[in-house]
>>> print(open('start_12.pdb').read())   # PDB, C-alpha atoms
ATOM      1  CA  MET H   1       0.000   0.000   0.000
ATOM      2  CA  ILE H   2       1.006   3.558  -0.716
ATOM      3  CA  GLU H   3      -0.799   6.540   0.784
ATOM      4  CA  ASP H   4       0.599   9.830  -0.428
ATOM      5  CA  PRO H   5      -1.635  12.871  -1.082
ATOM      6  CA  SER H   6       1.237  14.495  -2.993
ATOM      7  CA  LEU H   7       0.571  12.042  -5.836
ATOM      8  CA  LEU H   8      -2.112  14.548  -6.892
ATOM      9  CA  THR H   9      -2.666  18.256  -7.222
ATOM     10  CA  ASN H  10      -6.290  18.825  -6.265
ATOM     11  CA  PHE H  11      -8.015  16.041  -8.234
ATOM     12  CA  ASP H  12      -5.293  15.713 -10.880
ATOM     13  CA  PRO H  13      -2.817  12.801 -10.515
ATOM     14  CA  LYS H  14       0.842  13.475 -11.353
ATOM     15  CA  PRO H  15       1.928  10.992 -14.065
ATOM     16  CA  ASP H  16       5.610  10.758 -13.114
ATOM     17  CA  ARG H  17       4.823  10.299  -9.435
ATOM     18  CA  ILE H  18       2.276   7.594 -10.280
ATOM     19  CA  LYS H  19       4.887   5.662 -12.288
ATOM     20  CA  THR H  20       7.297   5.757  -9.352
ATOM     21  CA  ALA H  21       4.551   4.661  -6.959
ATOM     22  CA  LEU H  22       3.591   1.755  -9.221
ATOM     23  CA  ASN H  23       7.168   0.536  -9.303
ATOM     24  CA  SER H  24       7.239   0.593  -5.490
ATOM     25  CA  LEU H  25       3.965  -1.354  -5.302
ATOM     26  CA  LEU H  26       5.230  -4.055  -7.645
ATOM     27  CA  THR H  27       8.606  -4.556  -6.001
ATOM     28  CA  THR H  28       7.194  -4.501  -2.465
ATOM     29  CA  LEU H  29       4.441  -6.976  -3.326
ATOM     30  CA  THR H  30       6.730  -9.480  -5.029
ATOM     31  CA  GLY H  31       9.956  -8.875  -3.104
ATOM     32  CA  LYS H  32      11.830  -8.503  -6.384
ATOM     33  CA  PRO H  33      14.364  -5.698  -6.961
ATOM     34  CA  THR H  34      12.812  -4.366 -10.203
ATOM     35  CA  SER H  35       9.375  -4.019 -11.739
ATOM     36  CA  ASN H  36      10.490  -6.106 -14.734
ATOM     37  CA  GLU H  37      11.291  -9.001 -12.437
ATOM     38  CA  SER H  38       8.067  -8.360 -10.525
ATOM     39  CA  TRP H  39       5.936  -8.811 -13.657
ATOM     40  CA  LYS H  40       7.762 -12.054 -14.409
ATOM     41  CA  ASP H  41       7.196 -13.246 -10.846
ATOM     42  CA  LEU H  42       3.489 -12.467 -11.209
ATOM     43  CA  GLY H  43       3.358 -14.625 -14.334
ATOM     44  CA  ILE H  44       3.653 -12.157 -17.220
ATOM     45  CA  ASN H  45       6.238 -12.891 -19.904
ATOM     46  CA  PRO H  46       7.220 -10.820 -22.977
ATOM     47  CA  ASP H  47       5.254 -13.049 -25.361
ATOM     48  CA  ASP H  48       1.984 -12.766 -23.405
ATOM     49  CA  THR H  49      -1.115 -10.864 -24.400
ATOM     50  CA  VAL H  50      -2.184  -8.651 -21.487
ATOM     51  CA  ALA H  51      -5.753  -7.472 -20.951
ATOM     52  CA  VAL H  52      -5.672  -4.484 -18.555
ATOM     53  CA  LYS H  53      -9.171  -4.044 -17.135
ATOM     54  CA  VAL H  54     -10.093  -0.495 -16.140
ATOM     55  CA  ILE H  55     -13.220   0.952 -14.568
ATOM     56  CA  ALA H  56     -14.930   3.418 -16.889
ATOM     57  CA  ARG H  57     -18.266   4.622 -15.555
ATOM     58  CA  GLY H  58     -18.638   7.813 -17.558
ATOM     59  CA  ASP H  59     -16.429  10.155 -15.500
ATOM     60  CA  PRO H  60     -12.618  10.068 -15.185
ATOM     61  CA  ARG H  61     -12.913  10.798 -11.445
ATOM     62  CA  THR H  62     -15.106   7.795 -10.551
ATOM     63  CA  GLY H  63     -13.099   5.029 -12.179
ATOM     64  CA  THR H  64      -9.525   4.040 -12.884
ATOM     65  CA  ARG H  65      -7.446   7.153 -13.387
ATOM     66  CA  ARG H  66      -5.864   7.227 -16.831
ATOM     67  CA  GLU H  67      -2.516   8.162 -15.283
ATOM     68  CA  LEU H  68      -2.461   4.838 -13.415
ATOM     69  CA  ALA H  69      -3.497   2.849 -16.490
ATOM     70  CA  ASP H  70      -0.760   4.541 -18.526
ATOM     71  CA  ALA H  71       1.816   3.809 -15.818
ATOM     72  CA  VAL H  72       0.854   0.121 -15.867
ATOM     73  CA  THR H  73       1.080  -0.170 -19.649
ATOM     74  CA  ALA H  74       4.425   1.649 -19.704
ATOM     75  CA  SER H  75       5.738  -0.734 -17.049
ATOM     76  CA  LEU H  76       4.548  -3.763 -19.021
ATOM     77  CA  ILE H  77       6.247  -2.467 -22.172
ATOM     78  CA  ALA H  78       9.469  -1.910 -20.204
ATOM     79  CA  ALA H  79       9.184  -5.547 -19.100
ATOM     80  CA  GLY H  80       9.197  -6.645 -22.743
ATOM     81  CA  VAL H  81       5.496  -6.986 -23.609
ATOM     82  CA  GLN H  82       4.771  -5.710 -27.122
ATOM     83  CA  PRO H  83       2.561  -2.571 -27.113
ATOM     84  CA  ASP H  84       0.005  -4.005 -29.535
ATOM     85  CA  LYS H  85      -0.403  -7.051 -27.281
ATOM     86  CA  ILE H  86      -1.630  -4.830 -24.439
ATOM     87  CA  THR H  87      -5.306  -3.852 -24.359
ATOM     88  CA  LEU H  88      -6.952  -1.377 -22.001
ATOM     89  CA  TRP H  89     -10.616  -2.346 -21.838
ATOM     90  CA  ASP H  90     -13.974  -2.066 -20.183
ATOM     91  CA  LYS H  91     -17.456  -3.009 -21.211
ATOM     92  CA  ARG H  92     -19.118  -0.037 -22.937
ATOM     93  CA  GLU H  93     -17.472   2.321 -25.386
ATOM     94  CA  VAL H  94     -19.767   5.213 -24.491
ATOM     95  CA  ASP H  95     -18.565   5.076 -20.875
ATOM     96  CA  MET H  96     -14.926   4.606 -21.866
ATOM     97  CA  THR H  97     -14.976   7.693 -24.067
ATOM     98  CA  LYS H  98     -16.467   9.846 -21.304
ATOM     99  CA  SER H  99     -13.917   8.450 -18.825
ATOM    100  CA  GLY H 100     -10.853   9.387 -20.859
ATOM    101  CA  TYR H 101     -10.377   6.112 -22.707
ATOM    102  CA  PRO H 102     -11.343   6.758 -26.361
ATOM    103  CA  VAL H 103     -11.149   3.446 -28.198
ATOM    104  CA  ARG H 104      -8.205   2.823 -30.489
ATOM    105  CA  GLN H 105      -7.117  -0.092 -32.649
ATOM    106  CA  SER H 106      -3.689   0.766 -34.069
ATOM    107  CA  PRO H 107      -0.853  -1.489 -35.296
ATOM    108  CA  GLY H 108       2.179  -1.388 -33.019
ATOM    109  CA  LYS H 109       0.420   0.646 -30.300
ATOM    110  CA  ILE H 110      -1.480  -0.076 -27.108
ATOM    111  CA  GLN H 111      -5.043  -1.048 -27.928
ATOM    112  CA  VAL H 112      -7.973   0.645 -26.184
ATOM    113  CA  ARG H 113     -11.112  -1.403 -26.735
ATOM    114  CA  ALA H 114     -14.655  -1.793 -25.509
ATOM    115  CA  VAL H 115     -16.511  -5.069 -25.304
ATOM    116  CA  ILE H 116     -19.637  -3.331 -26.596
ATOM    117  CA  ALA H 117     -19.037  -0.668 -29.250
ATOM    118  CA  SER H 118     -21.122   2.449 -29.693
ATOM    119  CA  ALA H 119     -23.639   2.224 -32.508
ATOM    120  CA  ALA H 120     -21.674   4.572 -34.803
ATOM    121  CA  SER H 121     -18.176   3.464 -33.787
ATOM    122  CA  ASP H 122     -15.437   2.796 -36.338
ATOM    123  CA  VAL H 123     -13.778   0.325 -33.950
ATOM    124  CA  PRO H 124     -15.677  -2.956 -33.537
ATOM    125  CA  GLY H 125     -16.527  -4.190 -30.088
ATOM    126  CA  LEU H 126     -14.589  -7.118 -28.668
ATOM    127  CA  GLY H 127     -17.836  -9.013 -28.215
ATOM    128  CA  PHE H 128     -18.556 -12.210 -26.323
ATOM    129  CA  ASP H 129     -17.333 -15.730 -27.046
ATOM    130  CA  PRO H 130     -20.044 -18.250 -27.977
ATOM    131  CA  ASP H 131     -17.529 -21.117 -27.932
ATOM    132  CA  SER H 132     -16.275 -20.753 -24.368
ATOM    133  CA  THR H 133     -18.168 -22.157 -21.401
ATOM    134  CA  PRO H 134     -20.590 -19.456 -20.181
ATOM    135  CA  TYR H 135     -21.280 -18.676 -16.550
ATOM    136  CA  PHE H 136     -24.428 -20.392 -15.282
ATOM    137  CA  ASN H 137     -26.737 -18.748 -12.784
ATOM    138  CA  PRO H 138     -30.437 -19.665 -12.389
ATOM    139  CA  THR H 139     -31.645 -16.061 -12.413
ATOM    140  CA  MET H 140     -33.900 -14.734 -15.150
ATOM    141  CA  GLY H 141     -32.345 -12.127 -17.434
ATOM    142  CA  GLN H 142     -33.654  -9.760 -20.086
ATOM    143  CA  LEU H 143     -31.210  -9.489 -22.973
ATOM    144  CA  ILE H 144     -30.422  -6.061 -24.395
ATOM    145  CA  TYR H 145     -28.249  -4.638 -27.164
ATOM    146  CA  GLY H 146     -24.669  -5.860 -26.738
ATOM    147  CA  ASP H 147     -25.512  -9.219 -25.181
ATOM    148  CA  LEU H 148     -24.346 -12.138 -27.302
ATOM    149  CA  LYS H 149     -27.751 -13.708 -27.920
ATOM    150  CA  PHE H 150     -29.765 -10.522 -28.193
ATOM    151  CA  GLN H 151     -32.012 -10.796 -31.253
ATOM    152  CA  PRO H 152     -35.542  -9.457 -31.174
ATOM    153  CA  SER H 153     -36.998 -12.568 -32.807
ATOM    154  CA  LEU H 154     -34.763 -15.360 -31.520
ATOM    155  CA  MET H 155     -34.100 -17.152 -28.272
ATOM    156  CA  ASP H 156     -30.982 -19.349 -28.353
ATOM    157  CA  GLY H 157     -31.585 -19.876 -32.069
ATOM    158  CA  LEU H 158     -35.239 -20.896 -31.676
ATOM    159  CA  PRO H 159     -37.907 -18.751 -33.395
ATOM    160  CA  LEU H 160     -40.465 -17.082 -31.182
ATOM    161  CA  SER H 161     -43.883 -18.654 -31.317
ATOM    162  CA  SER H 162     -45.495 -15.261 -30.983
ATOM    163  CA  GLY H 163     -44.794 -11.732 -30.005
ATOM    164  CA  GLY H 164     -41.713  -9.669 -30.747
ATOM    165  CA  SER H 165     -39.005  -7.776 -28.976
ATOM    166  CA  GLY H 166     -39.721  -7.500 -25.288
ATOM    167  CA  SER H 167     -41.840 -10.636 -25.042
ATOM    168  CA  ALA H 168     -41.141 -13.235 -22.365
ATOM    169  CA  ALA H 169     -39.430 -15.449 -24.928
ATOM    170  CA  ASP H 170     -36.602 -12.921 -25.270
ATOM    171  CA  LYS H 171     -35.370 -13.888 -21.839
ATOM    172  CA  ILE H 172     -32.336 -16.132 -21.515
ATOM    173  CA  PRO H 173     -32.556 -17.214 -17.892
ATOM    174  CA  TYR H 174     -29.289 -18.929 -17.159
ATOM    175  CA  TRP H 175     -26.218 -17.977 -19.208
ATOM    176  CA  SER H 176     -23.648 -15.173 -19.264
ATOM    177  CA  TYR H 177     -20.913 -15.370 -21.905
ATOM    178  CA  PHE H 178     -17.345 -14.143 -21.385
ATOM    179  CA  THR H 179     -15.763 -11.492 -23.566
ATOM    180  CA  LYS H 180     -13.579 -12.762 -26.409
ATOM    181  CA  LEU H 181     -10.673 -10.722 -25.071
ATOM    182  CA  ILE H 182     -10.059 -12.980 -22.083
ATOM    183  CA  THR H 183     -10.984 -16.408 -23.451
ATOM    184  CA  PRO H 184      -7.769 -17.153 -25.457
ATOM    185  CA  LYS H 185      -5.325 -19.354 -23.545
ATOM    186  CA  GLU H 186      -2.330 -16.998 -23.756
ATOM    187  CA  VAL H 187      -4.082 -13.962 -22.213
ATOM    188  CA  LYS H 188      -3.133 -12.592 -18.778
ATOM    189  CA  VAL H 189      -5.407 -10.149 -16.943
ATOM    190  CA  VAL H 190      -4.317  -7.154 -14.858
ATOM    191  CA  ASN H 191      -7.284  -5.628 -13.045
ATOM    192  CA  LEU H 192      -7.282  -1.934 -12.141
ATOM    193  CA  GLY H 193     -10.191  -1.356  -9.787
ATOM    194  CA  SER H 194     -11.084   1.820  -7.939
ATOM    195  CA  MET H 195     -12.203   2.871  -4.503
ATOM    196  CA  THR H 196     -15.644   3.984  -5.576
ATOM    197  CA  SER H 197     -18.765   3.581  -3.462
ATOM    198  CA  ASP H 198     -21.929   2.462  -5.202
ATOM    199  CA  PRO H 199     -25.467   3.167  -3.947
ATOM    200  CA  ASP H 200     -26.693  -0.245  -5.166
ATOM    201  CA  ILE H 201     -23.958  -2.719  -4.214
ATOM    202  CA  GLY H 202     -21.845  -0.780  -1.697
ATOM    203  CA  ILE H 203     -18.589  -0.713  -3.634
ATOM    204  CA  TYR H 204     -17.892  -0.964  -7.334
ATOM    205  CA  GLY H 205     -14.273  -1.942  -6.883
ATOM    206  CA  CYS H 206     -11.896  -4.662  -8.014
ATOM    207  CA  CYS H 207     -14.342  -7.551  -7.610
ATOM    208  CA  ALA H 208     -17.587  -6.267  -9.100
ATOM    209  CA  SER H 209     -15.970  -4.366 -11.971
ATOM    210  CA  LEU H 210     -13.961  -7.337 -13.243
ATOM    211  CA  ALA H 211     -16.795  -9.831 -12.822
ATOM    212  CA  PHE H 212     -19.597  -7.776 -14.357
ATOM    213  CA  GLY H 213     -17.321  -6.277 -17.010
ATOM    214  CA  SER H 214     -16.259  -9.706 -18.258
ATOM    215  CA  VAL H 215     -19.685 -11.217 -19.001
ATOM    216  CA  ASP H 216     -22.895 -10.349 -20.801
ATOM    217  CA  ASN H 217     -26.457 -10.665 -19.468
ATOM    218  CA  ALA H 218     -25.088  -9.237 -16.217
ATOM    219  CA  ARG H 219     -27.963  -7.017 -15.087
ATOM    220  CA  ARG H 220     -29.674 -10.101 -13.621
ATOM    221  CA  LEU H 221     -26.603 -10.751 -11.462
ATOM    222  CA  LEU H 222     -26.887  -7.574  -9.352
ATOM    223  CA  LYS H 223     -28.327  -8.681  -6.012
ATOM    224  CA  PRO H 224     -27.892  -5.776  -3.574
ATOM    225  CA  ASN H 225     -30.485  -7.101  -1.114
ATOM    226  CA  ALA H 226     -29.241 -10.680  -0.945
ATOM    227  CA  GLU H 227     -28.174 -12.020   2.435
ATOM    228  CA  GLN H 228     -25.075 -13.453   0.788
ATOM    229  CA  ASP H 229     -24.245 -13.285  -2.918
ATOM    230  CA  THR H 230     -21.677 -15.651  -4.423
ATOM    231  CA  THR H 231     -22.247 -14.494  -8.010
ATOM    232  CA  VAL H 232     -19.251 -12.149  -8.284
ATOM    233  CA  GLY H 233     -16.969 -14.656  -6.603
ATOM    234  CA  GLU H 234     -18.107 -17.472  -8.868
ATOM    235  CA  ILE H 235     -17.261 -15.435 -11.980
ATOM    236  CA  LEU H 236     -13.867 -14.436 -10.569
ATOM    237  CA  MET H 237     -13.163 -18.107  -9.824
ATOM    238  CA  SER H 238     -14.124 -19.249 -13.340
ATOM    239  CA  ASP H 239     -11.545 -21.795 -14.471
ATOM    240  CA  PRO H 240      -9.909 -21.808 -17.034
ATOM    241  CA  LEU H 241     -11.080 -18.262 -17.727
ATOM    242  CA  LEU H 242     -10.579 -15.588 -15.069
ATOM    243  CA  LYS H 243      -9.073 -17.454 -12.110
ATOM    244  CA  PRO H 244      -5.750 -18.666 -13.623
ATOM    245  CA  LYS H 245      -5.346 -15.689 -15.941
ATOM    246  CA  THR H 246      -5.784 -12.819 -13.483
ATOM    247  CA  VAL H 247      -2.303 -12.129 -12.108
ATOM    248  CA  LEU H 248      -2.690  -8.789 -10.300
ATOM    249  CA  HIS H 249      -5.263  -6.401  -8.884
ATOM    250  CA  ILE H 250      -4.540  -2.749  -8.167
ATOM    251  CA  SER H 251      -7.062  -0.646  -6.239
ATOM    252  CA  ASP H 252      -7.021   3.008  -7.269
ATOM    253  CA  GLY H 253      -7.790   5.259  -4.319
ATOM    254  CA  LEU H 254      -5.988   8.318  -5.625
ATOM    255  CA  ILE H 255      -9.440   9.842  -5.499
ATOM    256  CA  LEU H 256     -11.713   8.096  -3.010
ATOM    257  CA  LYS H 257     -15.481   8.432  -3.427
ATOM    258  CA  PHE H 258     -17.048   7.270  -0.183
ATOM    259  CA  ALA H 259     -20.722   8.228  -0.621
ATOM    260  CA  GLY H 260     -23.242   9.742  -2.997
ATOM    261  CA  GLY H 261     -24.728   8.417  -6.217
ATOM    262  CA  LYS H 262     -22.934   6.848  -9.151
ATOM    263  CA  ASP H 263     -21.732  10.221 -10.449
ATOM    264  CA  PHE H 264     -18.747  12.074  -9.027
ATOM    265  CA  ASP H 265     -19.526  14.353  -6.107
ATOM    266  CA  ALA H 266     -16.703  16.439  -4.641
ATOM    267  CA  ASN H 267     -18.638  16.741  -1.363
ATOM    268  CA  TYR H 268     -18.241  12.998  -0.832
ATOM    269  CA  SER H 269     -14.760  12.557  -2.256
ATOM    270  CA  CYS H 270     -11.228  13.058  -1.017
ATOM    271  CA  THR H 271      -7.707  12.692  -2.397
ATOM    272  CA  PRO H 272      -5.670  10.466  -0.055
ATOM    273  CA  GLY H 273      -3.401   9.278  -2.861
ATOM    274  CA  LEU H 274      -4.050   5.626  -2.017
ATOM    275  CA  LEU H 275      -2.813   2.748  -4.178
ATOM    276  CA  LEU H 276      -3.005  -0.888  -3.128
ATOM    277  CA  ALA H 277      -1.788  -3.971  -4.979
ATOM    278  CA  SER H 278      -2.554  -7.624  -4.300
ATOM    279  CA  THR H 279      -3.399 -10.947  -5.877
ATOM    280  CA  ASP H 280      -6.553 -10.873  -3.697
ATOM    281  CA  PRO H 281      -9.331  -8.585  -5.012
ATOM    282  CA  VAL H 282     -11.633  -9.240  -2.057
ATOM    283  CA  ALA H 283      -9.045  -7.989   0.428
ATOM    284  CA  LEU H 284      -8.541  -4.811  -1.591
ATOM    285  CA  ASP H 285     -12.261  -4.038  -1.666
ATOM    286  CA  VAL H 286     -12.649  -4.824   2.030
ATOM    287  CA  LEU H 287      -9.876  -2.339   2.849
ATOM    288  CA  ALA H 288     -11.489   0.270   0.593
ATOM    289  CA  LEU H 289     -14.837  -0.317   2.274
ATOM    290  CA  ALA H 290     -13.267   0.214   5.697
ATOM    291  CA  ARG H 291     -11.924   3.564   4.493
ATOM    292  CA  PHE H 292     -15.386   4.480   3.165
ATOM    293  CA  GLU H 293     -16.927   3.787   6.569
ATOM    294  CA  LYS H 294     -14.297   5.918   8.313
ATOM    295  CA  MET H 295     -14.944   8.832   5.956
ATOM    296  CA  ARG H 296     -18.729   8.478   6.250
ATOM    297  CA  LEU H 297     -18.432   8.803  10.028
ATOM    298  CA  ASN H 298     -16.635  12.134   9.628
ATOM    299  CA  PRO H 299     -17.302  13.368   6.066
ATOM    300  CA  GLY H 300     -16.157  16.948   6.552
ATOM    301  CA  VAL H 301     -16.852  20.297   8.143
ATOM    302  CA  GLY H 302     -20.545  21.040   8.274
ATOM    303  CA  ILE H 303     -21.588  17.663   6.846
ATOM    304  CA  PRO H 304     -23.449  15.330   9.230
ATOM    305  CA  PRO H 305     -22.344  11.688   9.519
ATOM    306  CA  ILE H 306     -23.531   9.456   6.681
ATOM    307  CA  PRO H 307     -25.075   6.058   7.458
ATOM    308  CA  LYS H 308     -22.722   3.105   7.208
ATOM    309  CA  ILE H 309     -22.672   0.970   4.093
ATOM    310  CA  GLY H 310     -22.507  -2.049   6.358
ATOM    311  CA  LYS H 311     -22.734  -5.545   4.960
ATOM    312  CA  VAL H 312     -21.736  -5.990   1.299
ATOM    313  CA  PRO H 313     -23.164  -9.348   0.152
ATOM    314  CA  HIS H 314     -20.963  -9.824  -2.923
ATOM    315  CA  LEU H 315     -17.733  -9.498  -0.908
ATOM    316  CA  GLU H 316     -18.837 -11.966   1.753
ATOM    317  CA  GLY H 317     -20.022 -14.326  -0.978
ATOM    318  CA  ALA H 318     -16.768 -13.998  -2.903
ATOM    319  CA  ALA H 319     -14.805 -14.962   0.200
ATOM    320  CA  LEU H 320     -17.116 -17.926   0.734
ATOM    321  CA  VAL H 321     -16.250 -19.419  -2.679
ATOM    322  CA  GLY H 322     -12.513 -18.833  -2.260
ATOM    323  CA  ALA H 323     -11.996 -15.660  -4.289
ATOM    324  CA  GLY H 324     -10.240 -13.871  -1.432
ATOM    325  CA  VAL H 325     -10.227 -12.849   2.233
ATOM    326  CA  SER H 326     -13.033 -10.718   3.673
ATOM    327  CA  ASP H 327     -11.902 -10.763   7.322
ATOM    328  CA  ILE H 328      -9.985  -7.510   7.708
ATOM    329  CA  GLY H 329      -8.171  -8.966  10.722
ATOM    330  CA  LYS H 330      -6.508 -11.514   8.436
ATOM    331  CA  ILE H 331      -5.271  -8.990   5.857
ATOM    332  CA  GLU H 332      -1.651  -7.933   6.087
ATOM    333  CA  ILE H 333      -0.890  -4.405   4.883
ATOM    334  CA  ILE H 334       2.708  -3.807   3.807
ATOM    335  CA  PRO H 335       3.762  -0.184   3.227
ATOM    336  CA  ALA H 336       5.473   0.103  -0.144
ATOM    337  CA  ASN H 337       9.099   1.183  -0.102
TER     338      ASN H 337
END
>>> encode(input="start_12.pdb", output="structure tokens")
Amino acid sequence: MIEDPSLLTNFDPKPDRIKTALNSLLTTLTGKPTSNESWKDLGINPDDTVAVKVIARGDPRTGTRRELADAVTASLIAAGVQPDKITLWDKREVDMTKSGYPVRQSPGKIQVRAVIASAASDVPGLGFDPDSTPYFNPTMGQLIYGDLKFQPSLMDGLPLSSGGSGSAADKIPYWSYFTKLITPKEVKVVNLGSMTSDPDIGIYGCCASLAFGSVDNARRLLKPNAEQDTTVGEILMSDPLLKPKTVLHISDGLILKFAGGKDFDANYSCTPGLLLASTDPVALDVLALARFEKMRLNPGVGIPPIPKIGKVPHLEGAALVGAGVSDIGKIEIIPAN
């Protein structure tokens, strides 16, 4: 962990300082003397294809800061990975564009891609893989534009007996397909989450963003009122898809949004300059959640205490299925050198 407010000026991260901080995170986490050796220790080799997952929610201040994403890609290139084998990605192009990640598909350069392209985009969406094993969950889902099997008149290839778009037969109740970006065998995933509270699920951090960003038909998987929700954890533990391929999670708390709606709100945000790295996404989100609760108790001068977020079902469920540790007493925090 690094906590250094001087990594930013107001709400603007300093690129050079972020690169230095990233190097410290990598070497402290792995115990290796250089970031190049750290990437190798984490399982990334020069001939790998690296999918760098970012959070893009429509505002550069509520997701993964571009300065951090650029520092990670520069570090990977320095470690020998070819630029055009590195892809920055999230689910929807419209959100990526608004978040400072305009899509790009250029030979010899870092790729910036969305799983679901905008309707008028010149860069095709990555799409979802019909040939890989989809995630099964017995919850009814309504397919929309961008989902693999969305066709107004078809359900899993079977013609509708009656009705049209929006009828009950449009519903695919059980399957969510993984994006084509992460299904090839040689792909490694680096996940850049953020310390961003969410009014529906508590925290949209490392766990939820990677799980929901990787599959289609995901709206049915949001269960904010569940007593315990293993959905996110089950997707993260998908083998041979996400589990063996995801080598590192970094939680971006340069700007920490601890309350409010899904949009950025300076009244409920602060700039602690926090960066955490781990192979455990649950631990990172649990630590972020603890910081949210601390800030909500004392949000600032003239602002009354904000109710606690409290129990977050998808983190407890993820720990239950082995995706990470949710007991904060069992998480070791090592200050980065």
>>> closest_residue(input="start_12.pdb", among="H:Ser326, H:Thr64, H:Ser99, H:Thr231", to="Thr139 in chain H", atoms="all atoms listed in the file")
H:Thr231
>>> resolve_selection(input="start_12.pdb", expression="the PyMOL selection byres ((chain H and resi 253) around 12)", output="PyMOL selection string")
chain H and resi 1-5+7-8+11+13+18+61-65+68+192-197+205-206+250-252+254-258+269-277+284-285+287-289+291-292
>>> closest_atom_pairs(input="start_12.pdb", of="range 196-272 of chain H", to="range 110-122 of chain H", cutoff="12 Å", atoms="all atoms listed in the file", output="tab-separated table")
residue	atom	partner	partner_atom	distance
H:Phe212	CA	H:Val115	CA	11.7
H:Gly213	CA	H:Val115	CA	8.4
H:Ser214	CA	H:Val115	CA	8.4
H:Val215	CA	H:Val115	CA	9.4
H:Asp216	CA	H:Val115	CA	9.4
>>> resolve_selection(input="start_12.pdb", expression="the PyMOL selection byres ((chain H and resi 323) around 8)", output="MDAnalysis selection string")
chainID H and resid 233:234 236:237 280:282 318:322 324:325
>>> resolve_selection(input="start_12.pdb", expression="the PyMOL selection byres ((chain H and resi 128-137) around 10)", output="ChimeraX atom specification")
/H:115-116,125-127,138-141,146-149,173-184,214-217,220-221,231,234-235,238-241
>>> atom_distance(input="start_12.pdb", atom1="CA of Leu210 in chain H", atom2="CA of Lys53 in chain H")
7.0 Å
>>> closest_residue(input="start_12.pdb", among="H:Met295, H:Asn267, H:Val312, H:Glu332", to="Ala283 in chain H", atoms="all atoms listed in the file")
H:Glu332
>>> atom_distance(input="start_12.pdb", atom1="CA of Leu248 in chain H", atom2="CA of Val189 in chain H")
7.3 Å
>>> closest_residue(input="start_12.pdb", among="H:Ala74, H:Val81, H:Ala211, H:Leu29", to="Ile55 in chain H", atoms="all atoms listed in the file")
H:Ala211
>>> residues_around(input="start_12.pdb", residues="Pro199 in chain H", least_positions_apart="2", cutoff="8 Å", atoms="only C-alpha atoms", output="count of residues only")
8
>>> atom_distance(input="start_12.pdb", atom1="CA of Gln228 in chain H", atom2="CA of Glu316 in chain H")
6.5 Å
>>> residues_near_point(input="start_12.pdb", point="(-25.2, -3.9, -7.7)", cutoff="6 Å", atoms="only C-alpha atoms", output="ChimeraX atom specification")
/H:200-201,222-224
>>> write_last_selection(input="start_12.pdb", atoms="C-alpha atoms", output="PDB file, in the coordinates of the input")
ATOM      1  CA  ASP H 200     -26.693  -0.245  -5.166  1.00  0.00           C
ATOM      2  CA  ILE H 201     -23.958  -2.719  -4.214  1.00  0.00           C
ATOM      3  CA  LEU H 222     -26.887  -7.574  -9.352  1.00  0.00           C
ATOM      4  CA  LYS H 223     -28.327  -8.681  -6.012  1.00  0.00           C
ATOM      5  CA  PRO H 224     -27.892  -5.776  -3.574  1.00  0.00           C
TER       6      PRO H 224
END
>>> closest_residue(input="start_12.pdb", among="H:Val286, H:Asn298, H:Gly317, H:Val52", to="Gly329 in chain H", atoms="only C-alpha atoms")
H:Val286
>>> build_atoms(input="start_12.pdb", residues="range 213-223 of chain H", atoms="N, CA and C atoms", output="JSON list (two decimals), keeping the file's coordinate frame")
[["chain", "number", "residue", "atom", "x", "y", "z"],
["H", 213, "GLY", "N", -17.86, -6.76, -15.75],
["H", 213, "GLY", "CA", -17.32, -6.28, -17.01],
["H", 213, "GLY", "C", -16.93, -7.38, -17.96],
["H", 214, "SER", "N", -16.76, -8.60, -17.44],
["H", 214, "SER", "CA", -16.26, -9.71, -18.26],
["H", 214, "SER", "C", -17.35, -10.51, -18.93],
["H", 215, "VAL", "N", -18.61, -10.36, -18.48],
["H", 215, "VAL", "CA", -19.68, -11.22, -19.00],
["H", 215, "VAL", "C", -20.87, -10.39, -19.49],
["H", 216, "ASP", "N", -21.66, -11.00, -20.36],
["H", 216, "ASP", "CA", -22.90, -10.35, -20.80],
["H", 216, "ASP", "C", -24.05, -10.79, -19.91],
["H", 217, "ASN", "N", -25.25, -10.31, -20.22],
["H", 217, "ASN", "CA", -26.46, -10.66, -19.47],
["H", 217, "ASN", "C", -26.20, -10.51, -17.96],
["H", 218, "ALA", "N", -25.55, -9.40, -17.59],
["H", 218, "ALA", "CA", -25.09, -9.24, -16.22],
["H", 218, "ALA", "C", -26.06, -8.48, -15.33],
["H", 219, "ARG", "N", -27.04, -7.80, -15.91],
["H", 219, "ARG", "CA", -27.96, -7.02, -15.09],
["H", 219, "ARG", "C", -28.70, -7.91, -14.09],
["H", 220, "ARG", "N", -28.97, -9.16, -14.49],
["H", 220, "ARG", "CA", -29.67, -10.10, -13.62],
["H", 220, "ARG", "C", -28.83, -10.52, -12.42],
["H", 221, "LEU", "N", -27.52, -10.27, -12.50],
["H", 221, "LEU", "CA", -26.60, -10.75, -11.46],
["H", 221, "LEU", "C", -26.42, -9.77, -10.31],
["H", 222, "LEU", "N", -26.97, -8.56, -10.43],
["H", 222, "LEU", "CA", -26.89, -7.57, -9.35],
["H", 222, "LEU", "C", -27.91, -7.92, -8.28],
["H", 223, "LYS", "N", -27.43, -8.25, -7.09],
["H", 223, "LYS", "CA", -28.33, -8.68, -6.01],
["H", 223, "LYS", "C", -28.01, -7.91, -4.74]]
